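*Asks:* Attaching a single structure in structure tokens format; questions to follow.
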Amino acid sequence: ETPPRTRIATVQKCFRTSDIDNVGYTDRHLTFFEMLGNFSFGDYFKKEAIEFAIDFMINVLKLPRDRLIAAVFEGDGNIPADEESIRFWADNGIKKNKIYKFNKNENFWGPAGNTGPCGPCTEIYYDFGPDAGCKSKNCGPSCDCGRFLEIWNLVFTQYNFDGNKYTELPKKNIDTGMGLERMIAVLEGQSSVFKTSLFNPILNSICEITGKKLTAVGEKGYDGEINKALRVLADHSRAIYFLLADGVAPSNEGRGYILRRIIRRAVRFGKKLGINDYFLNEIGRTVIDNYAIHYPELSVKDASAFRIVLDEEKRFTRTLEEGTIILKEMIDGAVEKKEKWFDPKNAFMLYETYGFPVELTSEILEENNIKLDSKIFDKYFKEHTEKSRGNASFDKKVDKKLLLYKKIGKEGKTDFAGYEKEALKTSVKGLIKISDDGNGVAAKELAAGEKGEIILDRTVFYGEKGGQTGDKGIIRSAGGIFIVNDTQIPLEDIYIHKGSIKEGKIKSGDEVEIE
């Protein structure tokens with residue numbers, strides 16, 4: 001695809017899934033952030049990109065030149081060191097003792113796959129000065145003490161890698177990224193992004209709820225664990241409402257799972273701060289009030305977002321209480337036996353039975369100096385789920401109703417509207433009559449006293465996977481009433497409403513009201 005211009009500048013909302021577990025532990029990691037970038041497609045290259053960066057930082061942002069540090073690619077095997085960037089930085093007033101050389105892991109981008117475009121990058125750091133951070137004479141940009149903050153990365157797409165060798169591209173590109181939150185921290189003289197004007201209203205809201213605030217090392221009342229929890233809530237609350245405004249809904253897969261994961265992580269850290277009531281929407285109101293002026297979609301979808309978050313918060317609070325008790329017993333047993341590794345089977349059981357995310361299990365274990373081998377867990381998880389699918393598909397003793405679900409599902413998926421409504425009118429897509437021995441057969445109607453399962457065209461009932469209990473409620477037609485005792489999702493987007501007919505009859509194709 002041909003870009004609309006050879007020179008482009010952008011502001012992008014970004015969500016970085018790889019940083020979820022880092023958020024809270026540092027002053028700079030975020031899941032949601034805004035990325036400022038400038039791009040060149042076969043137009044300007046290294047010399048101009050570095051000149052533009054220096055001009056913007058020195059003449060527009062008014063940053064002191066002597067606080068800027070540059071990092072460049074040192075070379076690796078068949079790829080030469082980026083001497084051009086060193087020269088261009090020096091030409092623009094960056095002293096050689098402030099130009100660092102790092103390896104391929106730090107200062108080389110790509111390719112995105114096994115082959116393709118790639119190239120060196122040069123990173124720009126801001127130095128908060130020798131009084132910040134660890135105060136070591138050997139402190140540099142690679143130190144995590146907080147003295148140096150990476151604020152801008154200039155990627156030079158210079159090569160094509162064919163799997164064996166790197167060759168110069170005929171048309172070279174520029175791709176840069178500057179984190180807005182980090183640059184605001186620099187401009188406001190803060191080494192922590194959480195102490196900037198972007199986060200102050202959010203943290204003030206959290207402080208009102210918890211009575212706790214961020215503290216610095218050496219400050220009276222300093223508590224690293226409280227700081228971590230406050231940073232998690234501040235970051236995750238922003239991310240939650242921006243994801244919802246962009247149309248992401250909680251689910252067990254893909255983007256929806258990421259959203260559900262950060263909601264659940266926020267709930268857990270809220271509990272660690274002593275919050276016993278539902279609280280996320282109170283922080284969310286602050287997020288929306290402060291950002292909607294620039295992102296109006298936040299206020300357009302606020303009512304829906306509040307319903308979704310409250311629903312997720314209520315459900316996971318129950319899960320958290322049950323799962324935490326069981327996990328604590330397992331941890332206590334492991335500590336007593338002086339075990340350093342957690343059984344992956346137990347981690348899977350917590351996920352399968354209680355919906356306890358493995359990432360949350362792993363994080364709690366780490367806090368207790370116990371490790372979970374994620375590779376062994378992933379292998380076990382894959383084997384177990386494949387076995388479950390195989391058994392469910394081919395072993396009628398395991399689930400004789402699966403073929404019925406698939407047959408009904410071919411007529412269309414169940415549309416879930418539970419985040420927008422608590423009741424609605426819909427139609428019956430399929431009926432399954434359940435006998436006393438638990439077997440099911442397709443039916444055209446269910447009569448008073450009979451047990452069964454109903455599949456609807458649309459539903460407001462939240463269905464759980466993995467053996468958990470889903471929503472309960474009532475399905476009402478002109479001729480009968482069905483009491484829903486549980487809602488399950490045996491197949492993707494197929495919701496099964498389990499229960500029995502209280503009175504009258506319900507037929508396939510009936511128009512019904514549900515609540």
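In the structure tokens, chains take the letters A, B, ... in the order shown, each chain's residues start at 1, and ligands count up from 1 in the order shown.
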Which residues are close to A:Gly480, i.e. within 10 Å by only C-alpha atoms, leaving aside same-chain residues fewer than 4 positions away? Reply as a PyMOL selection string.

*Replies:* chain A and resi 446-448+475-476+501-507+512

*Asks:* Tell me, as JSON, numbers by chain, which residues lie within 7 Å of stretch 486-490 of chain A, counting only C-alpha atoms; anything in the same chain fewer than 6 positions away does not count.

*Replies:* {"A": [461, 462, 463, 464, 465, 469, 470, 471, 472, 496, 497, 498, 499]}

*Asks:* Would you export the selected residues with N, CA and C atoms as a PDB file, in the first residue's frame, please?

*Replies:*
```pdb
ATOM      1  N   PHE A 461     -27.840 -13.079  29.377  1.00  0.00           N
ATOM      2  CA  PHE A 461     -27.267 -13.943  30.411  1.00  0.00           C
ATOM      3  C   PHE A 461     -25.772 -14.149  30.145  1.00  0.00           C
ATOM      4  N   TYR A 462     -24.991 -13.889  31.149  1.00  0.00           N
ATOM      5  CA  TYR A 462     -23.534 -14.048  31.061  1.00  0.00           C
ATOM      6  C   TYR A 462     -23.204 -15.525  31.203  1.00  0.00           C
ATOM      7  N   GLY A 463     -22.538 -16.085  30.221  1.00  0.00           N
ATOM      8  CA  GLY A 463     -22.184 -17.501  30.260  1.00  0.00           C
ATOM      9  C   GLY A 463     -20.749 -17.701  30.698  1.00  0.00           C
ATOM     10  N   GLU A 464     -20.525 -18.677  31.557  1.00  0.00           N
ATOM     11  CA  GLU A 464     -19.171 -18.994  32.005  1.00  0.00           C
ATOM     12  C   GLU A 464     -18.667 -20.252  31.323  1.00  0.00           C
ATOM     13  N   LYS A 465     -17.336 -20.298  31.198  1.00  0.00           N
ATOM     14  CA  LYS A 465     -16.686 -21.494  30.666  1.00  0.00           C
ATOM     15  C   LYS A 465     -15.980 -22.224  31.801  1.00  0.00           C
ATOM     16  N   THR A 469     -20.339 -21.335  37.331  1.00  0.00           N
ATOM     17  CA  THR A 469     -21.765 -21.075  37.196  1.00  0.00           C
ATOM     18  C   THR A 469     -21.986 -19.747  36.509  1.00  0.00           C
ATOM     19  N   GLY A 470     -22.838 -19.753  35.495  1.00  0.00           N
ATOM     20  CA  GLY A 470     -23.169 -18.524  34.791  1.00  0.00           C
ATOM     21  C   GLY A 470     -24.420 -17.892  35.373  1.00  0.00           C
ATOM     22  N   ASP A 471     -25.036 -16.981  34.608  1.00  0.00           N
ATOM     23  CA  ASP A 471     -26.199 -16.242  35.093  1.00  0.00           C
ATOM     24  C   ASP A 471     -27.432 -17.126  35.259  1.00  0.00           C
ATOM     25  N   LYS A 472     -28.293 -16.692  36.177  1.00  0.00           N
ATOM     26  CA  LYS A 472     -29.602 -17.309  36.386  1.00  0.00           C
ATOM     27  C   LYS A 472     -30.671 -16.283  36.030  1.00  0.00           C
ATOM     28  N   ILE A 496     -25.807 -21.549  26.180  1.00  0.00           N
ATOM     29  CA  ILE A 496     -26.762 -22.585  26.570  1.00  0.00           C
ATOM     30  C   ILE A 496     -27.388 -22.196  27.897  1.00  0.00           C
ATOM     31  N   HIS A 497     -28.713 -22.044  27.912  1.00  0.00           N
ATOM     32  CA  HIS A 497     -29.445 -21.674  29.124  1.00  0.00           C
ATOM     33  C   HIS A 497     -30.042 -22.942  29.716  1.00  0.00           C
ATOM     34  N   LYS A 498     -29.529 -23.362  30.873  1.00  0.00           N
ATOM     35  CA  LYS A 498     -29.935 -24.632  31.490  1.00  0.00           C
ATOM     36  C   LYS A 498     -30.978 -24.388  32.573  1.00  0.00           C
ATOM     37  N   GLY A 499     -31.992 -25.284  32.631  1.00  0.00           N
ATOM     38  CA  GLY A 499     -33.011 -25.143  33.664  1.00  0.00           C
ATOM     39  C   GLY A 499     -34.192 -26.051  33.430  1.00  0.00           C
TER      40      GLY A 499
END
```

*Asks:* Could you tell me how far atom CA of A:Asp302 sits from atom CA of A:Phe199, in Å to one decimal place?

*Replies:*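 A separation of 19.6 Å between them.
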
*Asks:* Return the single residue from A:Ile308, A:Ile8, A:Leu203, A:Val60 that is closest to A:Ile283, with distances computed using only C-alpha atoms.

*Replies:*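 Ranking A:Ile308, A:Ile8, A:Leu203, A:Val60 by distance to A:Ile283, first place goes to A:Leu203.
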
*Asks:* Quick one: residues within 9 Å of A:Trp89, only C-alpha atoms, excluding same-chain residues fewer than 3 positions away - as a PyMOL selection string?

*Replies:* chain A and resi 47+50-51+54+70+84-86+92-96+99

*Asks:* Which residue is closest to A:Glu450? Choose from A:Tyr159, A:Tyr419, A:Phe482, A:Phe377 and count only C-alpha atoms.

*Replies:* A:Phe482
